[in-house]
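Q: Pasting structure_36.cif below, which is mmCIF, C-alpha atoms, pLDDT in the B column; chains and numbers go by the auth columns.
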```
data_entry
loop_
_atom_site.group_PDB
_atom_site.id
_atom_site.type_symbol
_atom_site.label_atom_id
_atom_site.label_comp_id
_atom_site.label_asym_id
_atom_site.label_seq_id
_atom_site.Cartn_x
_atom_site.Cartn_y
_atom_site.Cartn_z
_atom_site.B_iso_or_equiv
_atom_site.auth_seq_id
_atom_site.auth_asym_id
ATOM 1 C CA MET A 1 -93.942 3.210 9.464 89.00 1 A
ATOM 2 C CA GLN A 2 -94.330 6.969 9.823 93.00 2 A
ATOM 3 C CA PHE A 3 -98.131 6.833 9.845 98.00 3 A
ATOM 4 C CA ALA A 4 -98.812 3.780 11.986 97.00 4 A
ATOM 5 C CA ASP A 5 -102.299 3.998 13.555 94.00 5 A
ATOM 6 C CA LYS A 6 -103.033 7.266 11.741 98.00 6 A
ATOM 7 C CA VAL A 7 -105.996 7.922 9.457 98.00 7 A
ATOM 8 C CA ALA A 8 -105.655 9.892 6.238 98.00 8 A
ATOM 9 C CA LEU A 9 -108.339 11.359 3.987 99.00 9 A
ATOM 10 C CA ILE A 10 -107.107 11.699 0.412 98.00 10 A
ATOM 11 C CA THR A 11 -109.350 13.317 -2.201 98.00 11 A
ATOM 12 C CA GLY A 12 -109.140 12.507 -5.890 97.00 12 A
ATOM 13 C CA ALA A 13 -107.650 9.160 -4.873 97.00 13 A
ATOM 14 C CA GLY A 14 -108.616 7.293 -8.023 96.00 14 A
ATOM 15 C CA SER A 15 -105.643 8.443 -10.080 95.00 15 A
ATOM 16 C CA GLY A 16 -102.501 10.523 -10.395 95.00 16 A
ATOM 17 C CA ILE A 17 -100.895 12.267 -7.450 97.00 17 A
ATOM 18 C CA ALA A 18 -103.596 11.279 -4.952 98.00 18 A
ATOM 19 C CA LYS A 19 -103.454 7.608 -5.915 98.00 19 A
ATOM 20 C CA ALA A 20 -99.665 7.555 -5.579 98.00 20 A
ATOM 21 C CA THR A 21 -99.999 9.275 -2.211 98.00 21 A
ATOM 22 C CA SER A 22 -102.659 6.818 -1.065 98.00 22 A
ATOM 23 C CA LEU A 23 -100.388 3.870 -1.851 98.00 23 A
ATOM 24 C CA LEU A 24 -97.384 5.507 -0.170 98.00 24 A
ATOM 25 C CA PHE A 25 -99.295 6.475 2.967 98.00 25 A
ATOM 26 C CA ALA A 26 -100.746 2.963 3.275 98.00 26 A
ATOM 27 C CA ALA A 27 -97.253 1.492 2.930 98.00 27 A
ATOM 28 C CA GLU A 28 -96.235 3.762 5.823 98.00 28 A
ATOM 29 C CA GLY A 29 -99.024 2.377 8.002 98.00 29 A
ATOM 30 C CA ALA A 30 -101.865 4.845 7.446 98.00 30 A
ATOM 31 C CA LYS A 31 -105.480 3.821 7.203 98.00 31 A
ATOM 32 C CA VAL A 32 -106.631 5.512 4.004 98.00 32 A
ATOM 33 C CA ALA A 33 -110.046 6.984 3.236 98.00 33 A
ATOM 34 C CA ALA A 34 -109.815 7.186 -0.554 98.00 34 A
ATOM 35 C CA LEU A 35 -112.325 9.775 -1.753 98.00 35 A
ATOM 36 C CA GLY A 36 -113.572 10.171 -5.300 97.00 36 A
ATOM 37 C CA ARG A 37 -116.700 10.734 -7.336 95.00 37 A
ATOM 38 C CA SER A 38 -117.510 7.058 -7.960 93.00 38 A
ATOM 39 C CA ASP A 39 -116.774 3.585 -6.624 93.00 39 A
ATOM 40 C CA ASP A 40 -115.393 2.587 -10.012 92.00 40 A
ATOM 41 C CA GLU A 41 -112.584 5.138 -9.959 89.00 41 A
ATOM 42 C CA LEU A 42 -111.597 4.212 -6.392 97.00 42 A
ATOM 43 C CA LYS A 43 -111.769 0.434 -6.737 96.00 43 A
ATOM 44 C CA GLN A 44 -108.238 -0.092 -8.024 96.00 44 A
ATOM 45 C CA THR A 45 -106.643 2.183 -5.428 97.00 45 A
ATOM 46 C CA VAL A 46 -108.407 0.482 -2.531 98.00 46 A
ATOM 47 C CA GLU A 47 -107.743 -3.019 -3.872 98.00 47 A
ATOM 48 C CA GLU A 48 -104.040 -2.289 -4.381 97.00 48 A
ATOM 49 C CA ILE A 49 -103.726 -1.103 -0.790 98.00 49 A
ATOM 50 C CA GLN A 50 -105.592 -4.103 0.579 98.00 50 A
ATOM 51 C CA ALA A 51 -103.596 -6.542 -1.558 98.00 51 A
ATOM 52 C CA LYS A 52 -100.443 -5.309 0.170 97.00 52 A
ATOM 53 C CA GLY A 53 -101.932 -5.751 3.626 97.00 53 A
ATOM 54 C CA GLY A 54 -102.985 -2.151 4.101 97.00 54 A
ATOM 55 C CA GLU A 55 -106.313 -0.781 5.273 98.00 55 A
ATOM 56 C CA ALA A 56 -108.450 1.451 3.059 98.00 56 A
ATOM 57 C CA ILE A 57 -112.068 2.294 2.356 98.00 57 A
ATOM 58 C CA PRO A 58 -113.676 4.000 -0.637 98.00 58 A
ATOM 59 C CA VAL A 59 -115.527 7.237 0.141 98.00 59 A
ATOM 60 C CA VAL A 60 -117.764 8.452 -2.666 98.00 60 A
ATOM 61 C CA ALA A 61 -118.469 12.192 -2.667 98.00 61 A
ATOM 62 C CA ASP A 62 -118.428 15.317 -4.779 98.00 62 A
ATOM 63 C CA ILE A 63 -116.120 17.708 -2.944 98.00 63 A
ATOM 64 C CA SER A 64 -118.153 20.721 -4.075 98.00 64 A
ATOM 65 C CA GLN A 65 -121.297 19.489 -2.287 98.00 65 A
ATOM 66 C CA PRO A 66 -121.523 20.286 1.452 98.00 66 A
ATOM 67 C CA ASP A 67 -123.912 17.462 2.351 98.00 67 A
ATOM 68 C CA GLN A 68 -121.765 14.866 0.593 98.00 68 A
ATOM 69 C CA MET A 69 -118.585 16.049 2.307 98.00 69 A
ATOM 70 C CA GLN A 70 -120.275 16.025 5.710 98.00 70 A
ATOM 71 C CA GLN A 71 -121.359 12.444 5.067 98.00 71 A
ATOM 72 C CA ALA A 72 -117.835 11.545 3.937 98.00 72 A
ATOM 73 C CA ILE A 73 -116.319 12.757 7.207 98.00 73 A
ATOM 74 C CA GLN A 74 -119.029 10.961 9.161 98.00 74 A
ATOM 75 C CA LYS A 75 -118.153 7.728 7.379 98.00 75 A
ATOM 76 C CA ILE A 76 -114.501 8.111 8.362 98.00 76 A
ATOM 77 C CA GLU A 77 -115.450 8.801 11.979 98.00 77 A
ATOM 78 C CA GLN A 78 -117.729 5.777 12.071 98.00 78 A
ATOM 79 C CA GLN A 79 -115.035 3.565 10.540 98.00 79 A
ATOM 80 C CA TRP A 80 -112.008 4.637 12.582 98.00 80 A
ATOM 81 C CA GLY A 81 -113.071 7.272 15.103 98.00 81 A
ATOM 82 C CA ARG A 82 -110.289 9.673 14.216 98.00 82 A
ATOM 83 C CA LEU A 83 -108.651 11.693 11.440 98.00 83 A
ATOM 84 C CA ASP A 84 -105.012 12.781 11.437 98.00 84 A
ATOM 85 C CA ILE A 85 -104.137 13.775 7.873 98.00 85 A
ATOM 86 C CA VAL A 86 -106.074 15.474 5.072 99.00 86 A
ATOM 87 C CA PHE A 87 -104.666 15.642 1.563 99.00 87 A
ATOM 88 C CA ALA A 88 -107.021 17.942 -0.367 98.00 88 A
ATOM 89 C CA ASN A 89 -105.864 17.107 -3.867 98.00 89 A
ATOM 90 C CA ALA A 90 -109.009 16.722 -5.981 97.00 90 A
ATOM 91 C CA GLY A 91 -109.480 19.343 -8.681 96.00 91 A
ATOM 92 C CA ILE A 92 -109.978 20.046 -12.354 96.00 92 A
ATOM 93 C CA ASN A 93 -108.215 22.077 -15.014 95.00 93 A
ATOM 94 C CA GLY A 94 -111.589 23.081 -16.426 95.00 94 A
ATOM 95 C CA VAL A 95 -111.988 25.331 -19.438 95.00 95 A
ATOM 96 C CA TRP A 96 -109.018 27.325 -20.721 93.00 96 A
ATOM 97 C CA ALA A 97 -110.273 30.079 -23.006 94.00 97 A
ATOM 98 C CA SER A 98 -110.161 33.813 -23.634 93.00 98 A
ATOM 99 C CA LEU A 99 -112.232 35.990 -21.324 94.00 99 A
ATOM 100 C CA GLU A 100 -114.706 36.528 -24.124 93.00 100 A
ATOM 101 C CA GLU A 101 -115.243 32.799 -24.570 95.00 101 A
ATOM 102 C CA LEU A 102 -115.056 31.779 -20.914 96.00 102 A
ATOM 103 C CA THR A 103 -118.639 31.481 -19.686 97.00 103 A
ATOM 104 C CA PRO A 104 -119.898 32.192 -16.167 98.00 104 A
ATOM 105 C CA GLU A 105 -120.787 28.499 -15.970 98.00 105 A
ATOM 106 C CA ASP A 106 -117.194 27.531 -16.861 97.00 106 A
ATOM 107 C CA TRP A 107 -115.895 29.868 -14.178 98.00 107 A
ATOM 108 C CA ASP A 108 -118.304 28.606 -11.517 98.00 108 A
ATOM 109 C CA LYS A 109 -117.531 24.948 -12.161 97.00 109 A
ATOM 110 C CA THR A 110 -113.776 25.453 -11.818 98.00 110 A
ATOM 111 C CA LEU A 111 -114.053 27.581 -8.682 98.00 111 A
ATOM 112 C CA ASP A 112 -116.684 25.308 -7.129 98.00 112 A
ATOM 113 C CA ILE A 113 -114.530 22.220 -7.412 98.00 113 A
ATOM 114 C CA ASN A 114 -111.056 23.646 -6.873 98.00 114 A
ATOM 115 C CA LEU A 115 -111.708 26.318 -4.255 98.00 115 A
ATOM 116 C CA LYS A 116 -115.055 25.565 -2.660 98.00 116 A
ATOM 117 C CA GLY A 117 -114.136 21.886 -2.692 98.00 117 A
ATOM 118 C CA THR A 118 -110.945 22.615 -0.768 98.00 118 A
ATOM 119 C CA PHE A 119 -112.880 24.755 1.705 99.00 119 A
ATOM 120 C CA LEU A 120 -115.488 22.050 2.318 98.00 120 A
ATOM 121 C CA THR A 121 -112.904 19.271 2.622 98.00 121 A
ATOM 122 C CA VAL A 122 -110.964 21.120 5.298 98.00 122 A
ATOM 123 C CA LYS A 123 -113.975 22.697 7.033 98.00 123 A
ATOM 124 C CA TYR A 124 -115.724 19.417 7.771 98.00 124 A
ATOM 125 C CA ALA A 125 -112.481 17.647 8.697 98.00 125 A
ATOM 126 C CA VAL A 126 -111.533 20.226 11.351 98.00 126 A
ATOM 127 C CA PRO A 127 -113.618 18.856 14.264 98.00 127 A
ATOM 128 C CA LEU A 128 -111.917 15.458 13.963 98.00 128 A
ATOM 129 C CA LEU A 129 -108.478 16.970 13.409 98.00 129 A
ATOM 130 C CA LYS A 130 -108.858 19.094 16.537 98.00 130 A
ATOM 131 C CA GLN A 131 -109.076 15.976 18.713 98.00 131 A
ATOM 132 C CA ARG A 132 -105.382 15.125 18.316 97.00 132 A
ATOM 133 C CA GLY A 133 -103.913 17.733 16.001 98.00 133 A
ATOM 134 C CA GLY A 134 -102.795 16.801 12.533 98.00 134 A
ATOM 135 C CA SER A 135 -101.679 17.906 9.114 98.00 135 A
ATOM 136 C CA VAL A 136 -103.508 19.278 6.076 99.00 136 A
ATOM 137 C CA VAL A 137 -101.848 19.416 2.664 99.00 137 A
ATOM 138 C CA ILE A 138 -103.560 21.196 -0.225 99.00 138 A
ATOM 139 C CA THR A 139 -102.674 20.829 -3.902 98.00 139 A
ATOM 140 C CA SER A 140 -102.392 24.163 -5.688 98.00 140 A
ATOM 141 C CA SER A 141 -100.255 24.673 -8.812 98.00 141 A
ATOM 142 C CA VAL A 142 -97.453 26.685 -10.358 97.00 142 A
ATOM 143 C CA ASN A 143 -100.261 28.371 -12.302 97.00 143 A
ATOM 144 C CA GLY A 144 -101.559 31.369 -10.390 97.00 144 A
ATOM 145 C CA THR A 145 -98.633 31.312 -7.976 97.00 145 A
ATOM 146 C CA ARG A 146 -95.505 31.673 -10.130 97.00 146 A
ATOM 147 C CA ILE A 147 -96.654 31.104 -13.706 95.00 147 A
ATOM 148 C CA PHE A 148 -99.105 33.454 -15.414 94.00 148 A
ATOM 149 C CA SER A 149 -98.210 32.841 -19.061 89.00 149 A
ATOM 150 C CA ASN A 150 -100.585 29.925 -19.647 90.00 150 A
ATOM 151 C CA THR A 151 -103.023 32.218 -21.415 90.00 151 A
ATOM 152 C CA GLY A 152 -106.647 31.212 -21.019 93.00 152 A
ATOM 153 C CA ALA A 153 -106.157 29.420 -17.701 95.00 153 A
ATOM 154 C CA THR A 154 -107.729 32.343 -15.854 97.00 154 A
ATOM 155 C CA ALA A 155 -110.354 30.489 -13.822 98.00 155 A
ATOM 156 C CA TYR A 156 -107.924 27.700 -12.980 98.00 156 A
ATOM 157 C CA SER A 157 -105.125 30.075 -11.988 98.00 157 A
ATOM 158 C CA CYS A 158 -107.434 32.171 -9.828 98.00 158 A
ATOM 159 C CA SER A 159 -108.651 29.068 -8.020 98.00 159 A
ATOM 160 C CA LYS A 160 -105.068 27.953 -7.413 98.00 160 A
ATOM 161 C CA ALA A 161 -103.902 31.351 -6.182 98.00 161 A
ATOM 162 C CA ALA A 162 -106.859 31.441 -3.790 98.00 162 A
ATOM 163 C CA GLN A 163 -105.902 28.031 -2.368 98.00 163 A
ATOM 164 C CA VAL A 164 -102.577 29.520 -1.250 98.00 164 A
ATOM 165 C CA ALA A 165 -104.363 32.388 0.523 98.00 165 A
ATOM 166 C CA PHE A 166 -106.772 29.894 2.087 99.00 166 A
ATOM 167 C CA THR A 167 -103.841 27.840 3.361 98.00 167 A
ATOM 168 C CA LYS A 168 -102.212 30.804 5.060 98.00 168 A
ATOM 169 C CA MET A 169 -105.457 31.988 6.656 98.00 169 A
ATOM 170 C CA VAL A 170 -106.427 28.638 8.128 98.00 170 A
ATOM 171 C CA ALA A 171 -102.848 27.732 9.118 98.00 171 A
ATOM 172 C CA LEU A 172 -102.852 30.648 11.528 98.00 172 A
ATOM 173 C CA GLU A 173 -106.387 29.967 12.729 98.00 173 A
ATOM 174 C CA LEU A 174 -105.737 26.290 13.427 98.00 174 A
ATOM 175 C CA ALA A 175 -102.206 26.531 14.824 98.00 175 A
ATOM 176 C CA LYS A 176 -103.444 26.639 18.422 98.00 176 A
ATOM 177 C CA HIS A 177 -105.096 23.274 17.810 98.00 177 A
ATOM 178 C CA LYS A 178 -101.785 21.760 16.620 98.00 178 A
ATOM 179 C CA ILE A 179 -103.129 21.450 13.082 98.00 179 A
ATOM 180 C CA ARG A 180 -100.599 22.326 10.401 98.00 180 A
ATOM 181 C CA VAL A 181 -101.735 23.450 6.949 99.00 181 A
ATOM 182 C CA ASN A 182 -99.413 23.606 3.945 99.00 182 A
ATOM 183 C CA VAL A 183 -99.832 23.788 0.187 98.00 183 A
ATOM 184 C CA ILE A 184 -97.891 22.214 -2.667 98.00 184 A
ATOM 185 C CA CYS A 185 -97.532 23.782 -6.109 98.00 185 A
ATOM 186 C CA PRO A 186 -96.705 21.123 -8.712 97.00 186 A
ATOM 187 C CA GLY A 187 -95.540 21.968 -12.200 95.00 187 A
ATOM 188 C CA ALA A 188 -95.751 19.533 -15.102 92.00 188 A
ATOM 189 C CA ILE A 189 -96.460 16.109 -13.584 93.00 189 A
ATOM 190 C CA GLU A 190 -97.336 12.915 -15.447 87.00 190 A
ATOM 191 C CA THR A 191 -101.043 12.567 -14.638 75.00 191 A
ATOM 192 C CA ASN A 192 -104.246 12.412 -16.669 61.00 192 A
ATOM 193 C CA ILE A 193 -105.557 15.843 -15.572 58.00 193 A
ATOM 194 C CA ASP A 194 -104.209 17.502 -18.716 58.00 194 A
ATOM 195 C CA GLN A 195 -106.367 15.200 -20.837 58.00 195 A
ATOM 196 C CA ASN A 196 -109.420 16.693 -19.148 64.00 196 A
ATOM 197 C CA THR A 197 -108.534 20.287 -20.011 65.00 197 A
ATOM 198 C CA ASP A 198 -110.987 21.961 -22.384 66.00 198 A
ATOM 199 C CA ARG A 199 -108.842 24.340 -24.464 63.00 199 A
ATOM 200 C CA ARG A 200 -110.886 26.689 -26.640 59.00 200 A
ATOM 201 C CA ASN A 201 -109.339 28.685 -29.483 60.00 201 A
ATOM 202 C CA LEU A 202 -106.209 29.703 -27.589 61.00 202 A
ATOM 203 C CA GLU A 203 -103.952 30.037 -30.626 62.00 203 A
ATOM 204 C CA HIS A 204 -104.954 33.634 -31.318 63.00 204 A
ATOM 205 C CA ILE A 205 -104.394 34.901 -27.760 65.00 205 A
ATOM 206 C CA GLN A 206 -101.255 33.063 -26.630 66.00 206 A
ATOM 207 C CA GLU A 207 -97.854 34.702 -26.929 61.00 207 A
ATOM 208 C CA PRO A 208 -95.494 32.408 -28.882 62.00 208 A
ATOM 209 C CA VAL A 209 -92.537 31.282 -26.757 64.00 209 A
ATOM 210 C CA GLU A 210 -89.974 28.573 -27.507 67.00 210 A
ATOM 211 C CA PHE A 211 -87.864 26.593 -25.058 66.00 211 A
ATOM 212 C CA PRO A 212 -85.298 24.740 -27.219 62.00 212 A
ATOM 213 C CA GLU A 213 -83.911 22.783 -24.254 66.00 213 A
ATOM 214 C CA GLY A 214 -87.275 22.089 -22.657 78.00 214 A
ATOM 215 C CA LYS A 215 -89.480 23.896 -20.156 86.00 215 A
ATOM 216 C CA ILE A 216 -88.155 22.018 -17.103 92.00 216 A
ATOM 217 C CA PRO A 217 -84.482 22.825 -16.478 91.00 217 A
ATOM 218 C CA LEU A 218 -83.829 20.104 -13.887 91.00 218 A
ATOM 219 C CA THR A 219 -84.841 17.294 -16.244 92.00 219 A
ATOM 220 C CA ASP A 220 -84.285 18.783 -19.728 87.00 220 A
ATOM 221 C CA GLY A 221 -88.042 19.002 -20.228 87.00 221 A
ATOM 222 C CA LYS A 222 -89.192 15.719 -18.723 92.00 222 A
ATOM 223 C CA PRO A 223 -92.189 16.117 -16.389 93.00 223 A
ATOM 224 C CA GLY A 224 -92.125 14.951 -12.794 96.00 224 A
ATOM 225 C CA THR A 225 -93.952 11.901 -11.505 96.00 225 A
ATOM 226 C CA SER A 226 -96.879 11.447 -9.146 96.00 226 A
ATOM 227 C CA GLU A 227 -94.594 9.419 -6.892 97.00 227 A
ATOM 228 C CA GLN A 228 -92.217 12.375 -6.500 97.00 228 A
ATOM 229 C CA VAL A 229 -95.094 14.585 -5.432 98.00 229 A
ATOM 230 C CA ALA A 230 -96.329 11.887 -3.047 98.00 230 A
ATOM 231 C CA GLN A 231 -92.945 11.963 -1.291 98.00 231 A
ATOM 232 C CA LEU A 232 -93.346 15.709 -0.715 98.00 232 A
ATOM 233 C CA VAL A 233 -96.873 15.224 0.627 98.00 233 A
ATOM 234 C CA MET A 234 -95.581 12.508 2.974 98.00 234 A
ATOM 235 C CA PHE A 235 -92.938 14.886 4.331 98.00 235 A
ATOM 236 C CA LEU A 236 -95.469 17.663 4.952 98.00 236 A
ATOM 237 C CA ALA A 237 -97.936 15.244 6.552 98.00 237 A
ATOM 238 C CA SER A 238 -95.358 13.648 8.820 98.00 238 A
ATOM 239 C CA ASP A 239 -93.601 14.719 12.005 96.00 239 A
ATOM 240 C CA LEU A 240 -90.520 15.468 9.903 97.00 240 A
ATOM 241 C CA SER A 241 -92.167 18.823 9.113 98.00 241 A
ATOM 242 C CA SER A 242 -93.532 19.436 12.617 98.00 242 A
ATOM 243 C CA HIS A 243 -92.564 23.133 12.641 98.00 243 A
ATOM 244 C CA ILE A 244 -93.781 23.955 9.121 98.00 244 A
ATOM 245 C CA THR A 245 -97.199 25.478 8.535 98.00 245 A
ATOM 246 C CA GLY A 246 -98.745 28.100 6.274 98.00 246 A
ATOM 247 C CA THR A 247 -96.084 27.432 3.654 98.00 247 A
ATOM 248 C CA GLU A 248 -96.235 26.812 -0.081 98.00 248 A
ATOM 249 C CA VAL A 249 -93.732 24.438 -1.675 98.00 249 A
ATOM 250 C CA TRP A 250 -93.130 24.340 -5.428 98.00 250 A
ATOM 251 C CA ILE A 251 -92.270 20.995 -6.965 97.00 251 A
ATOM 252 C CA ASP A 252 -91.574 21.654 -10.631 96.00 252 A
ATOM 253 C CA GLY A 253 -87.916 21.113 -11.481 96.00 253 A
ATOM 254 C CA ALA A 254 -87.454 24.919 -11.733 95.00 254 A
ATOM 255 C CA GLU A 255 -90.084 25.183 -14.488 94.00 255 A
ATOM 256 C CA SER A 256 -91.722 28.183 -12.840 94.00 256 A
ATOM 257 C CA LEU A 257 -88.400 29.995 -12.520 92.00 257 A
ATOM 258 C CA LEU A 258 -87.897 29.735 -16.258 88.00 258 A
ATOM 259 C CA LYS A 259 -91.465 30.274 -17.396 79.00 259 A
ATOM 260 C CA ALA A 260 -93.120 33.064 -15.447 69.00 260 A
#
```
Now, as a test, write the supplied structure out as structure tokens.

A:
Amino acid sequence: MQFADKVALITGAGSGIAKATSLLFAAEGAKVAALGRSDDELKQTVEEIQAKGGEAIPVVADISQPDQMQQAIQKIEQQWGRLDIVFANAGINGVWASLEELTPEDWDKTLDINLKGTFLTVKYAVPLLKQRGGSVVITSSVNGTRIFSNTGATAYSCSKAAQVAFTKMVALELAKHKIRVNVICPGAIETNIDQNTDRRNLEHIQEPVEFPEGKIPLTDGKPGTSEQVAQLVMFLASDLSSHITGTEVWIDGAESLLKA
């Protein structure tokens, strides 16, 4: 029980990587504040944790809205009086399009959720984290960090690259408070985020590339799973990584080494 008596805030907890992480953390003894945009999307995650004897509460908030994130942290403090782990995972792929077709509104929405949302999640969690120290893990991506050939993903990639810079800046700032901050960079993972990508007329701007044996060398093209990513998050959130901070970790089966 690596997280016995600890409290974890996990954003985007209704599905995918964050849901798998919520279930794993709860199994390891953590009390889980499962954050998402609606009660409906969090219901299953919270009920699954409770059915197995774990403790979890739904926290409804839009991570891009300061007042909602302040209220979310207040709810956690009122419920448990502490916060030890933050997994800032929530994000969107947004619109993937040529620069000419990408609108300022498309850009703002992606950056507001992915980058501003990360900033607000960590910012408002810091006062509670400072009480005992803790761990922050942020979900970036191979896009914007090692892969730049997904043409049209400009707003997304910029938001993900900025999350890595954010991690390094705040890791140094918060080190004296015994708060560690690290960032994971997943490649192709079996989640539903790809279904929410708005791809607009990319055929005429993408460079044609073929990978006869698959894009993921370690698995002959098969994507990773949310559970595999959850194991990495658990390591970075636990005392097993007590001397690691300000570090990005790629989890992609060598995809980004093949496809730059």

Q: Take the PyMOL selection byres ((chain A and resi 23) around 12), run it mentally on this structure, and tell me the resulting residues as a PyMOL selection string.

A: chain A and resi 8+10+13-22+24-34+44-56+226-227+230-231+234

Q: If we count all atoms listed in the file, what is near Val183 in chain A at a cut-off of 8 Å, once residues fewer than 6 positions away on the same chain are taken out, given as a ChimeraX atom specification?

A: /A:137-140,163-164,167,246-249

Q: Find the distance between CA of Arg132 in chain A and CA of Ala72 in chain A and write it in Å to one decimal.

A: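 Result for CA of Arg132 in chain A versus CA of Ala72 in chain A: 19.4 Å, one decimal.
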
Q: Restricting the calculation to all atoms listed in the file, which member of A:Ile113, A:Leu129, A:Leu42, A:Ala153 is positioned closest to Ala175 in chain A?

A: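 Using all atoms listed in the file, Ala175 in chain A sits closest to A:Leu129.
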
Q: Apply the PyMOL selection byres ((chain A and resi 238) around 9) to the structure shown and report the selected residues as a compact mmCIF listing (two decimals) with C-alpha atoms, in the frame of the given file.

A:
```txt
# COMPACT_ATOMS: atom_id res chain seq x y z
CA GLN A 2 -94.33 6.97 9.82
CA PHE A 3 -98.13 6.83 9.85
CA ILE A 85 -104.14 13.78 7.87
CA GLY A 134 -102.80 16.80 12.53
CA SER A 135 -101.68 17.91 9.11
CA VAL A 233 -96.87 15.22 0.63
CA MET A 234 -95.58 12.51 2.97
CA PHE A 235 -92.94 14.89 4.33
CA LEU A 236 -95.47 17.66 4.95
CA ALA A 237 -97.94 15.24 6.55
CA ASP A 239 -93.60 14.72 12.00
CA LEU A 240 -90.52 15.47 9.90
CA SER A 241 -92.17 18.82 9.11
CA SER A 242 -93.53 19.44 12.62
```

Q: To test your reading of the syntax: which residues would the PyMOL selection byres ((chain A and resi 185) around 12) return for the file shown? Reply as number ranges by chain.

A: A: 89, 137-147, 157, 160-161, 163-164, 182-184, 186-189, 229, 232-233, 247-256

Q: Between CA of Lys75 in chain A and CA of Met169 in chain A, what is the distance in Å, rounded to a tenth?

A: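 Between CA of Lys75 in chain A and CA of Met169 in chain A the gap works out to 27.4 Å.
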
Q: Please compute the CA of Lys222 in chain A-CA of Thr191 in chain A distance, one decimal, in Å.

A: 12.9 Å

Q: Would you mind telling me which residue in A:Ile244, A:Leu257, A:Val7, A:Ile73 lies nearest to Lys178 in chain A when using all atoms listed in the file?

A: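 Of A:Ile244, A:Leu257, A:Val7, A:Ile73, the one nearest Lys178 in chain A is A:Ile244, counting all atoms listed in the file.
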
Q: Please provide as a tab-separated table (two decimals) with C-alpha atoms, in the coordinates of the input all residues within 8 Å of range 60-64 of chain A, with the sequence filter that same-chain residues fewer than 4 positions apart are discarded (counting all atoms listed in the file).

A:
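Saved as around14.tsv:
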```tsv
chain	number	residue	atom	x	y	z
A	35	LEU	CA	-112.32	9.78	-1.75
A	36	GLY	CA	-113.57	10.17	-5.30
A	37	ARG	CA	-116.70	10.73	-7.34
A	38	SER	CA	-117.51	7.06	-7.96
A	39	ASP	CA	-116.77	3.58	-6.62
A	68	GLN	CA	-121.76	14.87	0.59
A	69	MET	CA	-118.58	16.05	2.31
A	72	ALA	CA	-117.84	11.54	3.94
A	90	ALA	CA	-109.01	16.72	-5.98
A	112	ASP	CA	-116.68	25.31	-7.13
A	113	ILE	CA	-114.53	22.22	-7.41
A	116	LYS	CA	-115.06	25.56	-2.66
A	117	GLY	CA	-114.14	21.89	-2.69
A	118	THR	CA	-110.94	22.62	-0.77
A	120	LEU	CA	-115.49	22.05	2.32
A	121	THR	CA	-112.90	19.27	2.62
```

Q: Return the single residue from A:Lys43, A:Val181, A:Cys158, A:Asp84 that is closest to Pro58 in chain A, with distances computed using all atoms listed in the file.

A: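 Nearest to Pro58 in chain A: A:Lys43.
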
Q: Please check which residues have atoms at most 6 Å from (-90.8, 24.9, -18.2) in the file's coordinates, counting only C-alpha atoms, and write them as a count of residues only.

A: 5

Q: Point out the residue among A:Pro104, A:Gly221, A:Gly91, A:Pro127 with the least atom-to-atom distance to Glu77 in chain A, counting all atoms listed in the file.

A: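 The closest residue to Glu77 in chain A is A:Pro127.
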
Q: In terms of the shortest atom-to-atom distance over all atoms listed in the file, which of A:Met1, A:Phe166, A:Thr245, A:Thr154 is closest to Glu101 in chain A?

A: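 Checking each of A:Met1, A:Phe166, A:Thr245, A:Thr154 against Glu101 in chain A, counting all atoms listed in the file, the winner is A:Thr154.
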
Q: Would you mind writing range 116-125 of chain A with N, CA and C atoms, as an mmCIF file, in the coordinates of the input?

A:
```
data_model
loop_
_atom_site.group_PDB
_atom_site.id
_atom_site.type_symbol
_atom_site.label_atom_id
_atom_site.label_comp_id
_atom_site.auth_asym_id
_atom_site.auth_seq_id
_atom_site.Cartn_x
_atom_site.Cartn_y
_atom_site.Cartn_z
ATOM 1 N N LYS A 116 -114.013 25.945 -3.617
ATOM 2 C CA LYS A 116 -115.055 25.565 -2.660
ATOM 3 C C LYS A 116 -114.836 24.138 -2.173
ATOM 4 N N GLY A 117 -114.401 23.277 -3.072
ATOM 5 C CA GLY A 117 -114.136 21.886 -2.692
ATOM 6 C C GLY A 117 -113.045 21.777 -1.643
ATOM 7 N N THR A 118 -112.007 22.591 -1.778
ATOM 8 C CA THR A 118 -110.945 22.615 -0.768
ATOM 9 C C THR A 118 -111.496 23.117 0.558
ATOM 10 N N PHE A 119 -112.267 24.195 0.505
ATOM 11 C CA PHE A 119 -112.880 24.755 1.705
ATOM 12 C C PHE A 119 -113.731 23.714 2.426
ATOM 13 N N LEU A 120 -114.594 23.023 1.691
ATOM 14 C CA LEU A 120 -115.488 22.050 2.318
ATOM 15 C C LEU A 120 -114.715 20.863 2.881
ATOM 16 N N THR A 121 -113.705 20.409 2.161
ATOM 17 C CA THR A 121 -112.904 19.271 2.622
ATOM 18 C C THR A 121 -112.260 19.581 3.969
ATOM 19 N N VAL A 122 -111.655 20.757 4.059
ATOM 20 C CA VAL A 122 -110.964 21.120 5.298
ATOM 21 C C VAL A 122 -111.958 21.480 6.394
ATOM 22 N N LYS A 123 -112.982 22.246 6.044
ATOM 23 C CA LYS A 123 -113.975 22.697 7.033
ATOM 24 C C LYS A 123 -114.567 21.527 7.816
ATOM 25 N N TYR A 124 -115.035 20.517 7.092
ATOM 26 C CA TYR A 124 -115.724 19.417 7.771
ATOM 27 C C TYR A 124 -114.764 18.434 8.422
ATOM 28 N N ALA A 125 -113.484 18.505 8.051
ATOM 29 C CA ALA A 125 -112.481 17.647 8.697
ATOM 30 C C ALA A 125 -111.983 18.236 10.010
#
```
